[in-house]
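Engineer: Structure incoming, see below.
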Amino acid sequence: MKSILIYGLHAVRQALLRHPEAVLEVHVSASREARAGQDMFAEILSLAEAQGLTVQAVRDDRLEQLLGASEHQGVAARRRPYAPPSLETLLAAERGRPPLFLVLDQVQDPHNLGAALRVADGAGVDALIVPGRRAAHITPVVAKVACGAAETVPVVEVGNLAQTLRMLKDAGLWLIGLDGEAPESLYTQDLTGPVALVLGNEGDGLRQLTREHCDFLVKIPMLGVVESLNVSTATAVCVFEALRQRGAGR
């Protein structure tokens with residue numbers, strides 16, 4: 001059976017809470033078992049036991065070898081590949097509020113994708129859309145950085161981003177692209193309606209064809225010598241501005 005490994009306390013805990021049917025087995029550090037009652041580790045063991053999952057205690061060096069990473073926090077899980085709903089299903093979902101989608105155009109750094117997922121979860125983003133090629137996808141590193149958000153925010157991989165952007169527009173969403181050279185500020189753009197925020201990759205920003213599909217281009221005003229923000233930081237600024245305009249927390 002095809003499967004992937006995820007690791008880290010938050011990532012494994014959320015997998016067991018949100019999609020227990022997808023988790024196949026859990027690996028824990030033998031050196032941490034004695035501390036199980038002191039932290040989230042105990043909850044993970046309890047959730048795994050409730051699902052009747054095999055829990056394998058292994059040495060730290062074996063866990064690092066298995067994962068190819070040392071920052072595993074003493075726990076990993078093997079799970080089925082992520083299978084998000086189709087974009088059509090997500091667009092048709094009843095929410096009681098305008099949809100908020102996030103599109104990342106060829107963002108290739110897995111740490112940026114993981115951080116963007118964490119931000120998207122915090123802001124209630126309905127789905128994150130990425131191209132199938134030349135872009136980061138859900139990996140163990142992404143899931144670890146996302147701190148559980150890979151289990152809560154659907155990540156839809158699409159073969160043709162331009163066609164997908166047209167589909168979003170046909171569904172009534174306004175496409176708001178982030179471009180450092182845009183004349184308009186993010187803070188003057190109305191983000192209260194159905195919106196897809198579109199951000200480009202770490203080096204080149206939005207591709208020309210992606211930019212042409214956007215209804216509006218906006219920039220984040222920058223007052224210092226730094227010309228642009230990291231894409232995950234820019235994502236946070238944009239989605240939480242949308243949340244602010246929509247009156248969240250009032």
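Going by the structure tokens order, chains are called A, B, ..., each with residues numbered from 1, while ligands are numbered from 1 in the order shown.
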So that I can check the surroundings of segment 157-164 of chain A, please list as a PyMOL selection string every protein, DNA and RNA residue that reaches within 6 Å of it, counting only C-alpha atoms and ignoring chain neighbours fewer than 5 positions away.

Structural biologist: chain A and resi 130-132

Engineer: Can I get the selection written as a compact mmCIF listing (two decimals), in the first residue's frame, with C-alpha atoms?

Structural biologist:
```txt
# COMPACT_ATOMS: atom_id res chain seq x y z
CA VAL A 130 -0.85 24.70 -6.11
CA PRO A 131 0.33 23.67 -9.58
CA GLY A 132 1.16 20.01 -10.03
```

Engineer: Run DSSP on the backbone and tell me which residues of segment 94-185 of chain A come out as alpha helix (DSSP H); list them as a PyMOL selection string.

Structural biologist: chain A and resi 110-123+140-146+161-170

Engineer: Report as an MDAnalysis selection string all protein, DNA and RNA residues lying within 9 Å of Glu151 of chain A, evaluated on only C-alpha atoms, omitting residues in the same chain fewer than 5 positions from it.

Structural biologist: chainID A and resid 11 14:15 18:19 82 143

Engineer: Pull the strand (DSSP E or B) assignments for segment 6-245 of chain A out of DSSP run on the backbone, and list those residues as number ranges by chain.

Structural biologist: A: 6-7, 23-29, 54-58, 75-79, 100-104, 127-131, 155-158, 174-178, 184-185, 195-199, 201, 205, 216-219

Engineer: Using C-alpha atoms, can you export the residues from the last selection as an mmCIF file, in the first residue's frame?

Structural biologist:
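Result file selection31.cif:
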```
data_model
loop_
_atom_site.group_PDB
_atom_site.id
_atom_site.type_symbol
_atom_site.label_atom_id
_atom_site.label_comp_id
_atom_site.auth_asym_id
_atom_site.auth_seq_id
_atom_site.Cartn_x
_atom_site.Cartn_y
_atom_site.Cartn_z
ATOM 1 C CA ILE A 6 4.769 12.364 8.744
ATOM 2 C CA TYR A 7 6.487 13.414 11.941
ATOM 3 C CA VAL A 23 -3.119 6.470 9.700
ATOM 4 C CA LEU A 24 -1.571 3.019 9.320
ATOM 5 C CA GLU A 25 0.960 2.858 12.152
ATOM 6 C CA VAL A 26 2.793 5.028 14.651
ATOM 7 C CA HIS A 27 6.509 5.056 15.489
ATOM 8 C CA VAL A 28 7.721 6.500 18.780
ATOM 9 C CA SER A 29 11.121 7.079 20.268
ATOM 10 C CA THR A 54 0.412 -0.657 15.862
ATOM 11 C CA VAL A 55 2.773 1.519 17.898
ATOM 12 C CA GLN A 56 6.440 0.683 17.356
ATOM 13 C CA ALA A 57 9.037 1.931 19.835
ATOM 14 C CA VAL A 58 12.368 2.516 18.079
ATOM 15 C CA VAL A 75 7.066 10.536 17.041
ATOM 16 C CA ALA A 76 6.188 9.676 13.451
ATOM 17 C CA ALA A 77 3.274 8.050 11.665
ATOM 18 C CA ARG A 78 2.774 6.254 8.403
ATOM 19 C CA ARG A 79 -0.403 7.383 6.687
ATOM 20 C CA LEU A 100 -11.582 32.498 0.801
ATOM 21 C CA PHE A 101 -9.112 30.543 -1.324
ATOM 22 C CA LEU A 102 -5.332 30.794 -1.521
ATOM 23 C CA VAL A 103 -3.364 30.142 -4.716
ATOM 24 C CA LEU A 104 0.427 29.727 -4.610
ATOM 25 C CA ALA A 127 -8.438 25.571 0.314
ATOM 26 C CA LEU A 128 -4.907 26.073 -0.923
ATOM 27 C CA ILE A 129 -4.270 25.531 -4.647
ATOM 28 C CA VAL A 130 -0.852 24.698 -6.115
ATOM 29 C CA PRO A 131 0.326 23.668 -9.579
ATOM 30 C CA VAL A 155 -4.286 21.280 -0.729
ATOM 31 C CA VAL A 156 -5.471 20.882 -4.312
ATOM 32 C CA GLU A 157 -2.858 20.135 -6.963
ATOM 33 C CA VAL A 158 -3.926 21.230 -10.442
ATOM 34 C CA TRP A 174 -12.468 37.652 -7.488
ATOM 35 C CA LEU A 175 -8.792 36.932 -8.111
ATOM 36 C CA ILE A 176 -6.523 39.257 -6.133
ATOM 37 C CA GLY A 177 -2.870 38.927 -7.123
ATOM 38 C CA LEU A 178 0.022 40.158 -5.012
ATOM 39 C CA GLU A 184 -2.804 49.782 -5.438
ATOM 40 C CA SER A 185 -2.328 48.776 -1.807
ATOM 41 C CA VAL A 195 -11.926 35.954 -3.032
ATOM 42 C CA ALA A 196 -8.922 33.936 -4.133
ATOM 43 C CA LEU A 197 -5.625 35.476 -3.075
ATOM 44 C CA VAL A 198 -2.875 34.669 -5.577
ATOM 45 C CA LEU A 199 0.804 34.810 -4.576
ATOM 46 C CA ASN A 201 7.062 32.131 -5.855
ATOM 47 C CA GLY A 205 6.654 36.399 -7.989
ATOM 48 C CA PHE A 216 -6.842 43.094 -9.370
ATOM 49 C CA LEU A 217 -3.156 43.420 -8.524
ATOM 50 C CA VAL A 218 -2.173 44.835 -5.151
ATOM 51 C CA LYS A 219 0.995 45.289 -3.165
#
```

Engineer: Please report the interatomic distance between atom CA of Lys2 of chain A and atom CA of Pro84 of chain A in Å with one decimal.

Structural biologist: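 Rounded to one decimal, the two atoms are 16.2 Å apart.
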
Engineer: I'd like to know which of A:Ala136, A:Cys214, A:Leu90, A:Ala30 is closest to Lys169 of chain A, using only C-alpha atoms.

Structural biologist: A:Cys214

Engineer: Let me make sure I understand: among A:Ser3, A:Gln106, A:Thr188, A:Ser31, which one has the smallest atom-to-atom distance to Ala135 of chain A if we use only C-alpha atoms?

Structural biologist: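 Selected residue with least distance to Ala135 of chain A: A:Gln106.
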
Engineer: Report the distance between atom CA of Asp179 of chain A and atom CA of Arg211 of chain A in Å, rounded to one decimal place.

Structural biologist: 8.4 Å

Engineer: From the options A:Glu227, A:Asp204, A:Asp215, A:Asp190, which residue's atoms come nearest to Gly172 of chain A, counting only C-alpha atoms?

Structural biologist: A:Asp215

Engineer: Mind giving me the straight-line distance from atom CA of Leu191 of chain A to atom CA of Ala242 of chain A in Å, one decimal?

Structural biologist: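 About the pair atom CA of Leu191 of chain A and atom CA of Ala242 of chain A: they are 5.2 Å apart.
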
Engineer: Tell me, as number ranges by chain, which residues lie within 10 Å of Ala93 of chain A, counting only C-alpha atoms; anything in the same chain fewer than 6 positions away does not count.

Structural biologist: A: 87, 99, 126

Engineer: Which residues come within 10 Å of Thr139 of chain A, counting only C-alpha atoms, excluding same-chain residues fewer than 4 positions away, as a list in words?

Structural biologist: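 Counting only C-alpha atoms, the residues come to Ile4, Leu5, Ile6, Pro81, Tyr82, Pro110, Leu113, Gly114, Ala143, Lys144, Val145 and Ala150 of chain A.
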
Engineer: Based on the selection just made, write all heavy atoms of those residues as an mmCIF file, in the first residue's frame.

Structural biologist:
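Result went into out.cif, see below:
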```
data_model
loop_
_atom_site.group_PDB
_atom_site.id
_atom_site.type_symbol
_atom_site.label_atom_id
_atom_site.label_comp_id
_atom_site.auth_asym_id
_atom_site.auth_seq_id
_atom_site.Cartn_x
_atom_site.Cartn_y
_atom_site.Cartn_z
ATOM 1 N N ILE A 4 2.864 7.562 3.089
ATOM 2 C CA ILE A 4 3.890 8.557 3.363
ATOM 3 C C ILE A 4 4.113 8.620 4.867
ATOM 4 O O ILE A 4 3.267 8.197 5.661
ATOM 5 C CB ILE A 4 3.495 9.954 2.834
ATOM 6 C CG1 ILE A 4 2.221 10.451 3.540
ATOM 7 C CG2 ILE A 4 3.308 9.940 1.327
ATOM 8 C CD1 ILE A 4 1.889 11.891 3.209
ATOM 9 N N LEU A 5 5.266 9.133 5.256
ATOM 10 C CA LEU A 5 5.576 9.315 6.664
ATOM 11 C C LEU A 5 5.415 10.776 7.039
ATOM 12 O O LEU A 5 5.806 11.675 6.287
ATOM 13 C CB LEU A 5 7.011 8.871 6.955
ATOM 14 C CG LEU A 5 7.253 7.366 7.065
ATOM 15 C CD1 LEU A 5 8.743 7.072 6.995
ATOM 16 C CD2 LEU A 5 6.675 6.830 8.375
ATOM 17 N N ILE A 6 4.824 11.022 8.178
ATOM 18 C CA ILE A 6 4.769 12.364 8.744
ATOM 19 C C ILE A 6 5.394 12.301 10.130
ATOM 20 O O ILE A 6 5.472 11.213 10.732
ATOM 21 C CB ILE A 6 3.330 12.903 8.824
ATOM 22 C CG1 ILE A 6 2.444 11.995 9.690
ATOM 23 C CG2 ILE A 6 2.748 13.064 7.427
ATOM 24 C CD1 ILE A 6 1.060 12.542 9.936
ATOM 25 N N PRO A 81 -1.647 8.565 1.482
ATOM 26 C CA PRO A 81 -1.432 9.883 0.876
ATOM 27 C C PRO A 81 -2.642 10.796 1.083
ATOM 28 O O PRO A 81 -3.783 10.331 1.180
ATOM 29 C CB PRO A 81 -1.236 9.555 -0.609
ATOM 30 C CG PRO A 81 -0.777 8.140 -0.628
ATOM 31 C CD PRO A 81 -1.483 7.463 0.516
ATOM 32 N N TYR A 82 -2.383 12.082 1.137
ATOM 33 C CA TYR A 82 -3.457 13.058 1.295
ATOM 34 C C TYR A 82 -4.365 13.012 0.065
ATOM 35 O O TYR A 82 -3.896 12.965 -1.066
ATOM 36 C CB TYR A 82 -2.882 14.457 1.470
ATOM 37 C CG TYR A 82 -2.156 14.635 2.783
ATOM 38 C CD1 TYR A 82 -0.800 14.353 2.888
ATOM 39 C CD2 TYR A 82 -2.826 15.063 3.917
ATOM 40 C CE1 TYR A 82 -0.124 14.501 4.084
ATOM 41 C CE2 TYR A 82 -2.164 15.215 5.131
ATOM 42 C CZ TYR A 82 -0.817 14.931 5.210
ATOM 43 O OH TYR A 82 -0.149 15.065 6.400
ATOM 44 N N PRO A 110 9.566 23.872 0.559
ATOM 45 C CA PRO A 110 8.607 23.168 1.416
ATOM 46 C C PRO A 110 8.352 23.872 2.740
ATOM 47 O O PRO A 110 7.254 23.786 3.291
ATOM 48 C CB PRO A 110 9.243 21.792 1.617
ATOM 49 C CG PRO A 110 10.677 21.956 1.274
ATOM 50 C CD PRO A 110 10.735 23.034 0.248
ATOM 51 N N LEU A 113 5.705 26.452 2.018
ATOM 52 C CA LEU A 113 4.388 25.848 1.868
ATOM 53 C C LEU A 113 3.836 25.438 3.228
ATOM 54 O O LEU A 113 2.657 25.670 3.525
ATOM 55 C CB LEU A 113 4.457 24.639 0.940
ATOM 56 C CG LEU A 113 3.140 23.872 0.761
ATOM 57 C CD1 LEU A 113 2.041 24.780 0.215
ATOM 58 C CD2 LEU A 113 3.334 22.664 -0.151
ATOM 59 N N GLY A 114 4.678 24.845 4.063
ATOM 60 C CA GLY A 114 4.227 24.453 5.395
ATOM 61 C C GLY A 114 3.790 25.639 6.223
ATOM 62 O O GLY A 114 2.756 25.598 6.906
ATOM 63 N N ALA A 143 4.430 18.853 6.272
ATOM 64 C CA ALA A 143 3.496 18.516 7.344
ATOM 65 C C ALA A 143 4.041 18.911 8.706
ATOM 66 O O ALA A 143 3.296 19.377 9.576
ATOM 67 C CB ALA A 143 3.181 17.021 7.303
ATOM 68 N N LYS A 144 5.351 18.732 8.910
ATOM 69 C CA LYS A 144 5.958 19.102 10.194
ATOM 70 C C LYS A 144 5.892 20.615 10.397
ATOM 71 O O LYS A 144 5.487 21.098 11.468
ATOM 72 C CB LYS A 144 7.416 18.634 10.223
ATOM 73 C CG LYS A 144 8.252 19.156 11.391
ATOM 74 C CD LYS A 144 7.778 18.626 12.726
ATOM 75 C CE LYS A 144 8.790 18.869 13.833
ATOM 76 N NZ LYS A 144 9.158 20.285 14.010
ATOM 77 N N VAL A 145 6.271 21.382 9.382
ATOM 78 C CA VAL A 145 6.256 22.849 9.489
ATOM 79 C C VAL A 145 4.836 23.362 9.663
ATOM 80 O O VAL A 145 4.597 24.327 10.393
ATOM 81 C CB VAL A 145 6.918 23.480 8.246
ATOM 82 C CG1 VAL A 145 6.789 25.006 8.275
ATOM 83 C CG2 VAL A 145 8.388 23.090 8.159
ATOM 84 N N ALA A 150 -1.739 20.588 7.681
ATOM 85 C CA ALA A 150 -1.855 19.756 6.491
ATOM 86 C C ALA A 150 -3.058 18.825 6.588
ATOM 87 O O ALA A 150 -3.525 18.301 5.577
ATOM 88 C CB ALA A 150 -0.576 18.944 6.285
#
```

Engineer: Could you check which of A:Leu53, A:Ala120, A:Ile138, A:Ala48 is closest to Gln108 of chain A, using only C-alpha atoms?

Structural biologist: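 Once distances to Gln108 of chain A are computed over only C-alpha atoms, the minimum belongs to A:Ile138.
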